[in-house]
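Chemist: Pasting my_file.cif here (mmCIF, C-alpha atoms):
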data_coords
loop_
_atom_site.group_PDB
_atom_site.id
_atom_site.type_symbol
_atom_site.label_atom_id
_atom_site.label_comp_id
_atom_site.auth_asym_id
_atom_site.auth_seq_id
_atom_site.Cartn_x
_atom_site.Cartn_y
_atom_site.Cartn_z
ATOM 1 C CA MET A 1 3.588 14.887 -91.433
ATOM 2 C CA LYS A 2 6.787 13.700 -89.840
ATOM 3 C CA THR A 3 7.330 17.128 -88.370
ATOM 4 C CA GLN A 4 3.831 17.167 -86.876
ATOM 5 C CA ASP A 5 4.265 13.639 -85.484
ATOM 6 C CA SER A 6 7.587 14.580 -83.928
ATOM 7 C CA LEU A 7 6.097 17.720 -82.420
ATOM 8 C CA GLY A 8 3.189 15.738 -80.988
ATOM 9 C CA LYS A 9 5.537 13.271 -79.358
ATOM 10 C CA GLN A 10 7.548 16.064 -77.801
ATOM 11 C CA ILE A 11 4.409 17.693 -76.402
ATOM 12 C CA TYR A 12 3.247 14.354 -74.954
ATOM 13 C CA SER A 13 6.674 13.802 -73.404
ATOM 14 C CA LEU A 14 6.634 17.251 -71.830
ATOM 15 C CA LYS A 15 3.153 16.678 -70.376
ATOM 16 C CA TRP A 16 4.266 13.364 -68.866
ATOM 17 C CA LYS A 17 7.388 14.927 -67.354
ATOM 18 C CA LEU A 18 5.304 17.787 -65.953
ATOM 19 C CA ARG A 19 2.929 15.350 -64.265
ATOM 20 C CA VAL A 20 5.855 13.458 -62.734
ATOM 21 C CA THR A 21 7.305 16.766 -61.545
ATOM 22 C CA TYR A 22 3.994 17.682 -59.887
ATOM 23 C CA LEU A 23 3.863 14.286 -58.153
ATOM 24 C CA LEU A 24 7.431 14.584 -56.886
ATOM 25 C CA PHE A 25 6.792 18.129 -55.712
ATOM 26 C CA GLY A 26 3.676 17.014 -53.832
ATOM 27 C CA PHE A 27 5.560 14.134 -52.248
ATOM 28 C CA LEU A 28 8.385 16.427 -51.143
ATOM 29 C CA MET A 29 5.902 18.885 -49.633
ATOM 30 C CA MET A 30 4.217 16.104 -47.657
ATOM 31 C CA ALA A 31 7.571 14.793 -46.445
ATOM 32 C CA GLN A 32 8.673 18.274 -45.428
ATOM 33 C CA PHE A 33 5.423 18.807 -43.513
ATOM 34 C CA ALA A 34 5.835 15.504 -41.682
ATOM 35 C CA ILE A 35 9.423 16.324 -40.726
ATOM 36 C CA PHE A 36 8.478 19.803 -39.574
ATOM 37 C CA THR A 37 5.597 18.483 -37.462
ATOM 38 C CA ASN A 38 7.812 15.880 -35.807
ATOM 39 C CA VAL A 39 10.589 18.379 -35.101
ATOM 40 C CA ASN A 40 8.126 20.905 -33.727
ATOM 41 C CA SER A 41 6.551 18.266 -31.486
ATOM 42 C CA LYS A 42 9.981 17.191 -30.250
ATOM 43 C CA ALA A 43 10.950 20.788 -29.605
ATOM 44 C CA SER A 44 7.760 21.377 -27.637
ATOM 45 C CA GLU A 45 8.401 18.259 -25.563
ATOM 46 C CA ASP A 46 12.010 19.231 -24.908
ATOM 47 C CA GLY A 47 10.860 22.693 -23.929
ATOM 48 C CA LEU A 48 8.736 21.316 -21.101
ATOM 49 C CA SER A 49 10.199 21.654 -17.635
ATOM 50 C CA ASN A 50 10.106 18.773 -15.176
ATOM 51 C CA ALA A 51 7.313 20.558 -13.355
ATOM 52 C CA ASP A 52 5.208 20.538 -16.551
ATOM 53 C CA LYS A 53 5.647 16.770 -16.880
ATOM 54 C CA VAL A 54 4.554 15.934 -13.312
ATOM 55 C CA LEU A 55 0.965 15.767 -12.104
ATOM 56 C CA LYS A 56 0.733 17.211 -8.593
ATOM 57 C CA THR A 57 -2.340 16.681 -6.443
ATOM 58 C CA ARG A 58 -3.221 16.199 -2.785
ATOM 59 C CA GLY A 59 -5.329 13.138 -3.411
ATOM 60 C CA LEU A 60 -7.041 10.999 -5.998
ATOM 61 C CA ILE A 61 -10.224 8.925 -5.786
ATOM 62 C CA ILE A 62 -11.009 6.364 -8.491
ATOM 63 C CA VAL A 63 -14.611 5.197 -8.789
ATOM 64 C CA ASP A 64 -16.081 2.142 -10.495
ATOM 65 C CA ASP A 65 -18.688 2.097 -13.273
ATOM 66 C CA GLN A 66 -21.416 2.644 -10.682
ATOM 67 C CA GLY A 67 -19.756 5.663 -9.106
ATOM 68 C CA ARG A 68 -18.599 3.862 -5.956
ATOM 69 C CA GLU A 69 -15.260 4.970 -4.491
ATOM 70 C CA ARG A 70 -12.856 2.064 -4.945
ATOM 71 C CA ILE A 71 -9.242 3.322 -4.906
ATOM 72 C CA LEU A 72 -7.933 6.084 -2.646
ATOM 73 C CA ILE A 73 -4.503 7.592 -3.326
ATOM 74 C CA GLY A 74 -2.870 10.323 -1.300
ATOM 75 C CA ALA A 75 -0.618 11.426 1.533
ATOM 76 C CA PRO A 76 -2.749 11.055 3.491
ATOM 77 C CA ILE A 77 -5.475 9.336 1.487
ATOM 78 C CA PRO A 78 -8.549 11.488 0.804
ATOM 79 C CA PRO A 79 -11.750 10.810 2.771
ATOM 80 C CA ALA A 80 -14.304 8.554 1.103
ATOM 81 C CA ALA A 81 -18.028 8.659 1.817
ATOM 82 C CA ASN A 82 -18.503 4.894 1.574
ATOM 83 C CA ARG A 83 -15.408 3.762 3.518
ATOM 84 C CA VAL A 84 -16.490 1.651 6.502
ATOM 85 C CA ARG A 85 -13.364 2.406 8.554
ATOM 86 C CA THR A 86 -14.317 6.057 8.958
ATOM 87 C CA ASP A 87 -18.085 5.606 9.304
ATOM 88 C CA LEU A 88 -18.794 4.973 13.004
ATOM 89 C CA LYS A 89 -22.398 4.006 12.317
ATOM 90 C CA ARG A 90 -21.352 1.231 9.944
ATOM 91 C CA VAL A 91 -18.491 0.215 12.257
ATOM 92 C CA LYS A 92 -21.023 -0.363 15.012
ATOM 93 C CA GLU A 93 -23.279 -2.336 12.667
ATOM 94 C CA GLU A 94 -20.556 -4.446 11.052
ATOM 95 C CA TRP A 95 -17.963 -5.027 13.786
ATOM 96 C CA ALA A 96 -19.030 -4.027 17.298
ATOM 97 C CA GLY A 97 -21.447 -6.941 17.664
ATOM 98 C CA ARG A 98 -18.584 -9.418 17.286
ATOM 99 C CA PHE A 99 -17.206 -8.424 20.689
ATOM 100 C CA PRO A 100 -18.566 -9.250 24.174
ATOM 101 C CA LYS A 101 -18.715 -5.553 25.065
ATOM 102 C CA PRO A 102 -19.625 -3.566 21.930
ATOM 103 C CA GLU A 103 -19.631 -0.191 23.670
ATOM 104 C CA ARG A 104 -16.108 -0.704 24.981
ATOM 105 C CA PHE A 105 -15.003 -1.677 21.496
ATOM 106 C CA MET A 106 -16.505 1.497 20.030
ATOM 107 C CA LYS A 107 -14.853 3.662 22.670
ATOM 108 C CA SER A 108 -11.464 2.143 21.875
ATOM 109 C CA TYR A 109 -12.122 2.269 18.142
ATOM 110 C CA GLU A 110 -12.426 6.046 18.164
ATOM 111 C CA LYS A 111 -8.746 6.243 19.184
ATOM 112 C CA TYR A 112 -7.466 4.113 16.301
ATOM 113 C CA ASN A 113 -5.544 5.562 13.383
ATOM 114 C CA HIS A 114 -7.459 5.081 10.122
ATOM 115 C CA ASN A 115 -5.251 7.202 7.862
ATOM 116 C CA ALA A 116 -2.734 5.930 5.340
ATOM 117 C CA ASN A 117 -0.054 7.507 3.189
ATOM 118 C CA GLY A 118 -0.241 5.555 -0.034
ATOM 119 C CA ILE A 119 -3.011 3.527 -1.647
ATOM 120 C CA VAL A 120 -6.157 1.957 -0.197
ATOM 121 C CA VAL A 121 -8.301 -0.372 -2.310
ATOM 122 C CA LEU A 122 -11.945 -0.637 -1.241
ATOM 123 C CA ASP A 123 -14.433 -3.279 -2.303
ATOM 124 C CA GLU A 124 -17.916 -2.446 -3.552
ATOM 125 C CA ASN A 125 -19.201 -2.385 0.049
ATOM 126 C CA GLY A 126 -16.585 0.074 1.301
ATOM 127 C CA PHE A 127 -14.353 -2.337 3.230
ATOM 128 C CA ASP A 128 -10.571 -1.882 3.057
ATOM 129 C CA ARG A 129 -9.216 -4.836 1.073
ATOM 130 C CA VAL A 130 -5.619 -3.789 0.334
ATOM 131 C CA VAL A 131 -3.513 -1.055 1.921
ATOM 132 C CA LEU A 132 -0.107 -0.108 0.520
ATOM 133 C CA GLY A 133 2.161 2.409 2.231
ATOM 134 C CA ASP A 134 2.020 3.622 5.827
ATOM 135 C CA VAL A 135 -0.736 1.290 6.982
ATOM 136 C CA PRO A 136 -3.350 2.280 9.604
ATOM 137 C CA ASP A 137 -4.153 0.448 12.827
ATOM 138 C CA LEU A 138 -6.064 -2.804 12.695
ATOM 139 C CA ASN A 139 -9.830 -2.499 12.868
ATOM 140 C CA VAL A 140 -9.710 -4.518 16.107
ATOM 141 C CA GLY A 141 -6.835 -2.809 17.892
ATOM 142 C CA LYS A 142 -3.846 -0.491 17.715
ATOM 143 C CA ARG A 143 -0.589 -1.730 16.250
ATOM 144 C CA ILE A 144 2.382 -2.046 18.581
ATOM 145 C CA GLY A 145 4.296 0.430 16.421
ATOM 146 C CA THR A 146 4.187 2.387 13.198
ATOM 147 C CA SER A 147 4.211 0.184 10.138
ATOM 148 C CA ASN A 148 4.804 0.643 6.436
ATOM 149 C CA GLY A 149 4.239 -2.101 3.916
ATOM 150 C CA ILE A 150 1.179 -3.933 2.632
ATOM 151 C CA ALA A 151 -1.899 -5.231 4.452
ATOM 152 C CA ILE A 152 -4.459 -7.625 2.936
ATOM 153 C CA ASN A 153 -7.960 -7.861 4.409
ATOM 154 C CA ASP A 154 -10.909 -10.190 3.954
ATOM 155 C CA GLU A 155 -14.354 -9.242 2.644
ATOM 156 C CA LYS A 156 -15.314 -7.785 6.043
ATOM 157 C CA GLY A 157 -12.189 -5.674 6.451
ATOM 158 C CA PHE A 158 -10.316 -7.930 8.892
ATOM 159 C CA GLU A 159 -6.603 -8.312 8.239
ATOM 160 C CA ARG A 160 -5.580 -11.762 6.984
ATOM 161 C CA GLY A 161 -2.000 -11.109 5.995
ATOM 162 C CA GLY A 162 0.664 -8.520 5.536
ATOM 163 C CA PHE A 163 4.297 -7.667 5.048
ATOM 164 C CA GLY A 164 5.927 -4.644 6.541
ATOM 165 C CA LEU A 165 8.556 -2.857 8.556
ATOM 166 C CA LEU A 166 7.513 -2.129 12.133
ATOM 167 C CA ASN A 167 9.126 0.517 14.294
ATOM 168 C CA VAL A 168 8.587 -0.453 17.925
ATOM 169 C CA ARG A 169 10.110 2.070 20.336
ATOM 170 C CA GLY A 170 12.942 2.732 17.912
ATOM 171 C CA LYS A 171 13.711 -0.915 17.105
ATOM 172 C CA LYS A 172 12.891 -2.334 13.684
ATOM 173 C CA ARG A 173 11.041 -5.543 12.915
ATOM 174 C CA VAL A 174 10.583 -6.905 9.408
ATOM 175 C CA ILE A 175 7.529 -9.152 9.552
ATOM 176 C CA LEU A 176 5.607 -11.354 7.121
ATOM 177 C CA GLY A 177 2.392 -12.486 8.795
ATOM 178 C CA LEU A 178 -0.459 -14.788 7.758
ATOM 179 C CA ASP A 179 -3.493 -14.451 10.025
ATOM 180 C CA THR A 180 -6.208 -16.890 11.082
ATOM 181 C CA ARG A 181 -9.937 -16.267 10.736
ATOM 182 C CA LYS A 182 -9.920 -15.038 14.346
ATOM 183 C CA GLY A 183 -7.524 -12.234 13.485
ATOM 184 C CA PHE A 184 -4.469 -13.717 15.194
ATOM 185 C CA GLU A 185 -1.221 -14.531 13.432
ATOM 186 C CA GLY A 186 -1.115 -18.144 12.296
ATOM 187 C CA ILE A 187 2.375 -17.977 10.853
ATOM 188 C CA SER A 188 4.861 -15.153 11.159
ATOM 189 C CA LEU A 189 8.311 -14.854 9.666
ATOM 190 C CA GLY A 190 10.314 -12.171 11.386
ATOM 191 C CA VAL A 191 13.660 -10.435 11.651
ATOM 192 C CA VAL A 192 13.915 -8.430 14.874
ATOM 193 C CA ASP A 193 16.861 -6.058 15.228
ATOM 194 C CA GLY A 194 19.279 -7.345 17.849
ATOM 195 C CA GLY A 195 16.897 -10.037 19.003
ATOM 196 C CA ALA A 196 15.723 -12.890 16.842
ATOM 197 C CA ILE A 197 15.332 -14.295 13.352
ATOM 198 C CA GLY A 198 12.849 -17.046 12.775
ATOM 199 C CA MET A 199 9.361 -18.386 12.148
ATOM 200 C CA ASN A 200 6.510 -18.811 14.624
ATOM 201 C CA ILE A 201 3.671 -21.246 13.894
ATOM 202 C CA TYR A 202 0.560 -21.059 16.116
ATOM 203 C CA ASP A 203 -2.653 -22.981 16.513
ATOM 204 C CA GLU A 204 -5.921 -21.001 16.322
ATOM 205 C CA SER A 205 -6.089 -20.606 20.099
ATOM 206 C CA ARG A 206 -2.498 -19.297 20.188
ATOM 207 C CA LYS A 207 -1.859 -21.581 23.148
ATOM 208 C CA LYS A 208 0.498 -23.804 21.182
ATOM 209 C CA LYS A 209 3.484 -22.556 19.217
ATOM 210 C CA ILE A 210 6.399 -23.911 17.236
ATOM 211 C CA PHE A 211 9.423 -21.674 16.808
ATOM 212 C CA ILE A 212 12.180 -22.330 14.285
ATOM 213 C CA GLY A 213 15.157 -20.006 14.246
ATOM 214 C CA ASN A 214 17.568 -18.235 16.546
ATOM 215 C CA ALA A 215 17.075 -15.824 19.414
ATOM 216 C CA SER A 216 19.074 -14.048 22.072
ATOM 217 C CA PRO A 217 18.722 -14.977 25.776
ATOM 218 C CA GLY A 218 15.446 -13.846 27.326
ATOM 219 C CA HIS A 219 13.752 -13.122 23.994
ATOM 220 C CA TRP A 220 9.957 -13.442 23.947
ATOM 221 C CA TYR A 221 10.183 -15.737 20.901
ATOM 222 C CA THR A 222 11.684 -18.498 23.057
ATOM 223 C CA LYS A 223 11.274 -17.403 26.703
ATOM 224 C CA LEU A 224 14.634 -19.037 27.411
ATOM 225 C CA ASP A 225 17.532 -17.714 29.477
ATOM 226 C CA GLU A 226 20.016 -19.115 26.977
ATOM 227 C CA PRO A 227 20.903 -18.214 23.381
ATOM 228 C CA PHE A 228 18.918 -20.389 21.025
ATOM 229 C CA ASN A 229 19.255 -21.787 17.520
ATOM 230 C CA GLY A 230 16.982 -24.654 16.596
ATOM 231 C CA LEU A 231 13.437 -25.949 17.101
ATOM 232 C CA LEU A 232 11.165 -25.196 20.047
ATOM 233 C CA PHE A 233 7.618 -26.283 20.965
ATOM 234 C CA LEU A 234 5.595 -24.406 23.588
ATOM 235 C CA ASP A 235 2.178 -25.264 25.014
ATOM 236 C CA GLN A 236 0.543 -22.520 27.123
ATOM 237 C CA GLN A 237 3.926 -20.829 27.572
ATOM 238 C CA LYS A 238 5.521 -24.064 28.822
ATOM 239 C CA HIS A 239 8.424 -25.656 26.980
ATOM 240 C CA LYS A 240 7.419 -29.112 25.767
ATOM 241 C CA TYR A 241 10.243 -29.801 23.339
ATOM 242 C CA LYS A 242 13.567 -28.097 22.703
ATOM 243 C CA LEU A 243 16.283 -28.765 20.175
ATOM 244 C CA ASN A 244 18.988 -26.173 20.706
ATOM 245 C CA LEU A 245 21.953 -26.612 18.417
ATOM 246 C CA LEU A 246 24.000 -24.227 20.552
ATOM 247 C CA THR A 247 24.041 -26.543 23.567
ATOM 248 C CA LYS A 248 26.218 -29.598 23.838
ATOM 249 C CA PRO A 249 24.414 -32.970 23.680
#
Please go through the file and, once you have read it, give me the structure as structure tokens.

Modeler:
Amino acid sequence: MKTQDSLGKQIYSLKWKLRVTYLLFGFLMMAQFAIFTNVNSKASEDGLSNADKVLKTRGLIIVDDQGRERILIGAPIPPAANRVRTDLKRVKEEWAGRFPKPERFMKSYEKYNHNANGIVVLDENGFDRVVLGDVPDLNVGKRIGTSNGIAINDEKGFERGGFGLLNVRGKKRVILGLDTRKGFEGISLGVVDGGAIGMNIYDESRKKKIFIGNASPGHWYTKLDEPFNGLLFLDQQKHKYKLNLLTKP
């Protein structure tokens, strides 16, 4: 009996050890598979060239949940069917009537630059709301020079603010502008190469202006024949108040 009991215990012990061995073997196989998969994935990733990791395309149009074109990306941006800026019929309906001579406006409008190298965000009605990159002309007139930066428009596509670098006949101007509802600059902060650094504050008619900053003689910021550094108030181009820290009291 003792021999049979001892033999039974040995058989039970062997079965238990065999089960543990199977479990360990299964665990090792799973671990090996996981390591192999990770290494293989890493090797595949490392094997990619830079060209394989870069998405190259001429343009990209992102639509909303109703299929309307809302974001244009490209160099230049791709054409969009619902963009007001490039639809002369809608331009005439939306903007031309705001001017005393609509036909003259339309004739001038056809010469404006509407392209952009970068990103244009449209609203649901097709108006440009944000432009980032090489910005196009205004919808009411040509810019005085090429500009790259950001332009922010209202719900009808009229510019209400922007920040950018202007190139005017080879001279650079870094400008931050906040526009009035009439489309004119209300406040502008500017750095003009070799000319002036300062802030201009206008009324809505642009007949009155306050300038704070410095300017070289004859600069259009001050319309003074002397170098200027201080505070200046102009009313209809006439100097009403001047505080020039460069002149002796």

Chemist: Give me the residues near Asn125 in chain A as a list in words, where near means some atom within 12 Å (using only C-alpha atoms) and where sequence neighbours in that chain fewer than 2 positions away do not count.

Modeler: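 Result of the neighbour search: Asp64, Arg68, Glu69, Arg70, Ala81, Asn82, Arg83, Val84, Arg85, Arg90, Glu94, Val121, Leu122, Asp123, Phe127, Asp128, Arg129, Glu155, Lys156 and Gly157 of chain A.
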
Chemist: I need the output of the PyMOL selection byres ((chain A and resi 237-241) around 10) for this file as a PyMOL selection string; which residues are they?

Modeler: chain A and resi 206-210+222-224+231-236+242-244

Chemist: Do you have the CA of Asn167 in chain A-CA of Asp193 in chain A distance handy?

Modeler: 10.2 Å

Chemist: With the cut-off set at 12 Å and counting all atoms listed in the file, tabulate each residue of range 93-163 of chain A with an atom at most that distance from an atom of range 55-59 of chain A, showing the nearest atom pair and its distance in Å to one decimal, ordered by chain and increasing number, as a Markdown table.

Modeler:
| residue | atom | partner | partner_atom | distance |
| --- | --- | --- | --- | --- |
| A:Ala116 | CA | A:Gly59 | CA | 11.6 |
| A:Asn117 | CA | A:Gly59 | CA | 10.2 |
| A:Gly118 | CA | A:Gly59 | CA | 9.7 |
| A:Ile119 | CA | A:Gly59 | CA | 10.0 |
| A:Val120 | CA | A:Gly59 | CA | 11.7 |

Chemist: When you count only C-alpha atoms, which of these residues is closest to Val91 in chain A: A:Leu60, A:Asn139, A:Gly74, A:Ala151?

Modeler: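 Among the listed residues, A:Asn139 lies closest to Val91 in chain A.
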
Chemist: Kindly provide, as lines of an AutoDock Vina configuration file, the centre and edge lengths (Å, one decimal) of an axis-aligned box around all atoms of range 206-223 of chain A given in the file, with 5 Å on each side.

Modeler:
center_x = 8.3
center_y = -18.5
center_z = 20.8
size_x = 31.6
size_y = 20.8
size_z = 23.1

Chemist: Determine the residue set returned by the PyMOL selection byres ((chain A and resi 171) around 12) for the present structure, and present it as a ChimeraX atom specification.

Modeler: /A:144-147,165-170,172-174,191-195

Chemist: Suppose you want the space between CA of Asn113 in chain A and CA of Phe163 in chain A; what is it in Å?

Modeler: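 The value is 18.5 Å.
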
Chemist: Of the candidates A:Lys142, A:Asn214, A:Trp220, A:Leu178, which one gets nearest to Tyr202 in chain A if we count only C-alpha atoms?

Modeler: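 With only C-alpha atoms as the atom set, the closest residue is A:Leu178.
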
Chemist: Would you list the contacts of Phe105 in chain A as a PyMOL selection string, taking every protein, DNA or RNA residue within 12 Å and counting all atoms listed in the file, but skipping same-chain residues closer than 5 positions in sequence?

Modeler: chain A and resi 88+91-92+95-100+110-112+139-142

Chemist: Looking at A:Pro217, A:Glu124, A:Pro136, A:Lys101, which one is nearest to Ile77 in chain A, with distances taken over only C-alpha atoms?

Modeler: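 When distances to Ile77 in chain A are compared using only C-alpha atoms, the smallest one comes from A:Pro136.
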
Chemist: Can you work out the spacing between CA of Thr86 in chain A and CA of Glu204 in chain A in Å, to one decimal?

Modeler: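 These two atoms are separated by 29.3 Å.
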
Chemist: Taking only C-alpha atoms into account, which of A:Leu189, A:Ile61, A:Leu138, A:Ile197 comes nearest Phe228 in chain A?

Modeler: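 Nearest to Phe228 in chain A: A:Ile197.
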
Chemist: Using all atoms listed in the file and a cutoff of 6 Å, can you tell me which residues are near (4.9, 2.3, 5.6) in the file's coordinates, and write them out as a PyMOL selection string?

Modeler: chain A and resi 133-135+147-149
